[in-house]
Amino acid sequence: MFRFIKKLLGRLRRKAKPLPSKKKEPPRRRWVFDARTKKNLATLNPKVIPVFTELTEIAMEIGDKYGITIKMICGYRSFEKQIELYKKGRFGDKGPKVTTVKVSRHCFGIAADYGCFSKGKYLDATNSVLSSKIYAEMFKKAQEYNLPIIHGGQWRSFPDPPHFEFRNGLTINQMVRRHKKNQDVV
């Protein structure tokens, strides 16, 4: 009986020894991003790039399901470029309004716009119902993965289905103040 207990304890001790740790490799990406997506992804705040990389992979998976290509068409946007966009549809410009804000989360590198393309054509312009459905599906999948993302398609006053932004818990005014003090917004 004593030998049996001694053997059993020896086996348990051997099992309890931690295995030598192997250096974990980062998970391999499932999709290859096009040049435009890579360029725009690189403009984002480095702290949010992993979140948007995952969101872009979700987008590509959903695009594959519908037989279309989804690209990140805009990442960081300068304050000057944002003001230019704000002026569209205002101040004598006869085109449609494209934004309601003078300062966007794009200006802090924590927002991205996506575009759906079918045979090289911008699907948002030709079939906005389908593209909006695809963006909503992207957001739903992002929620399943617990990505801290806000979807512009859910805004009531000015819906912006291609727009996705990192949820950082700060208002635009708070981010502007932090930016002026050279503090991070993430």
# chains A, B, ... in the order shown; residues from 1 in each chain; ligands from 1
$ residues_around --residues "range 72-85 of chain A" --least-positions-apart "6" --cutoff "10 Å" --atoms "only C-alpha atoms" --output "number ranges by chain"
A: 33-45, 52, 55-56, 59, 97-116, 162-165
$ atom_distance --atom1 "CA of Ile70 in chain A" --atom2 "CA of Trp31 in chain A"
11.6 Å
$ closest_residue --among "A:Ala142, A:Met175, A:Leu130, A:Ala136" --to "Gln154 in chain A" --atoms "only C-alpha atoms"
A:Ala136
$ select_by_dssp --residues "range 54-148 of chain A" --states "helix (DSSP H, G or I)" --output "number ranges by chain"
A: 54-66, 79-87, 105-108, 123-126, 128-144
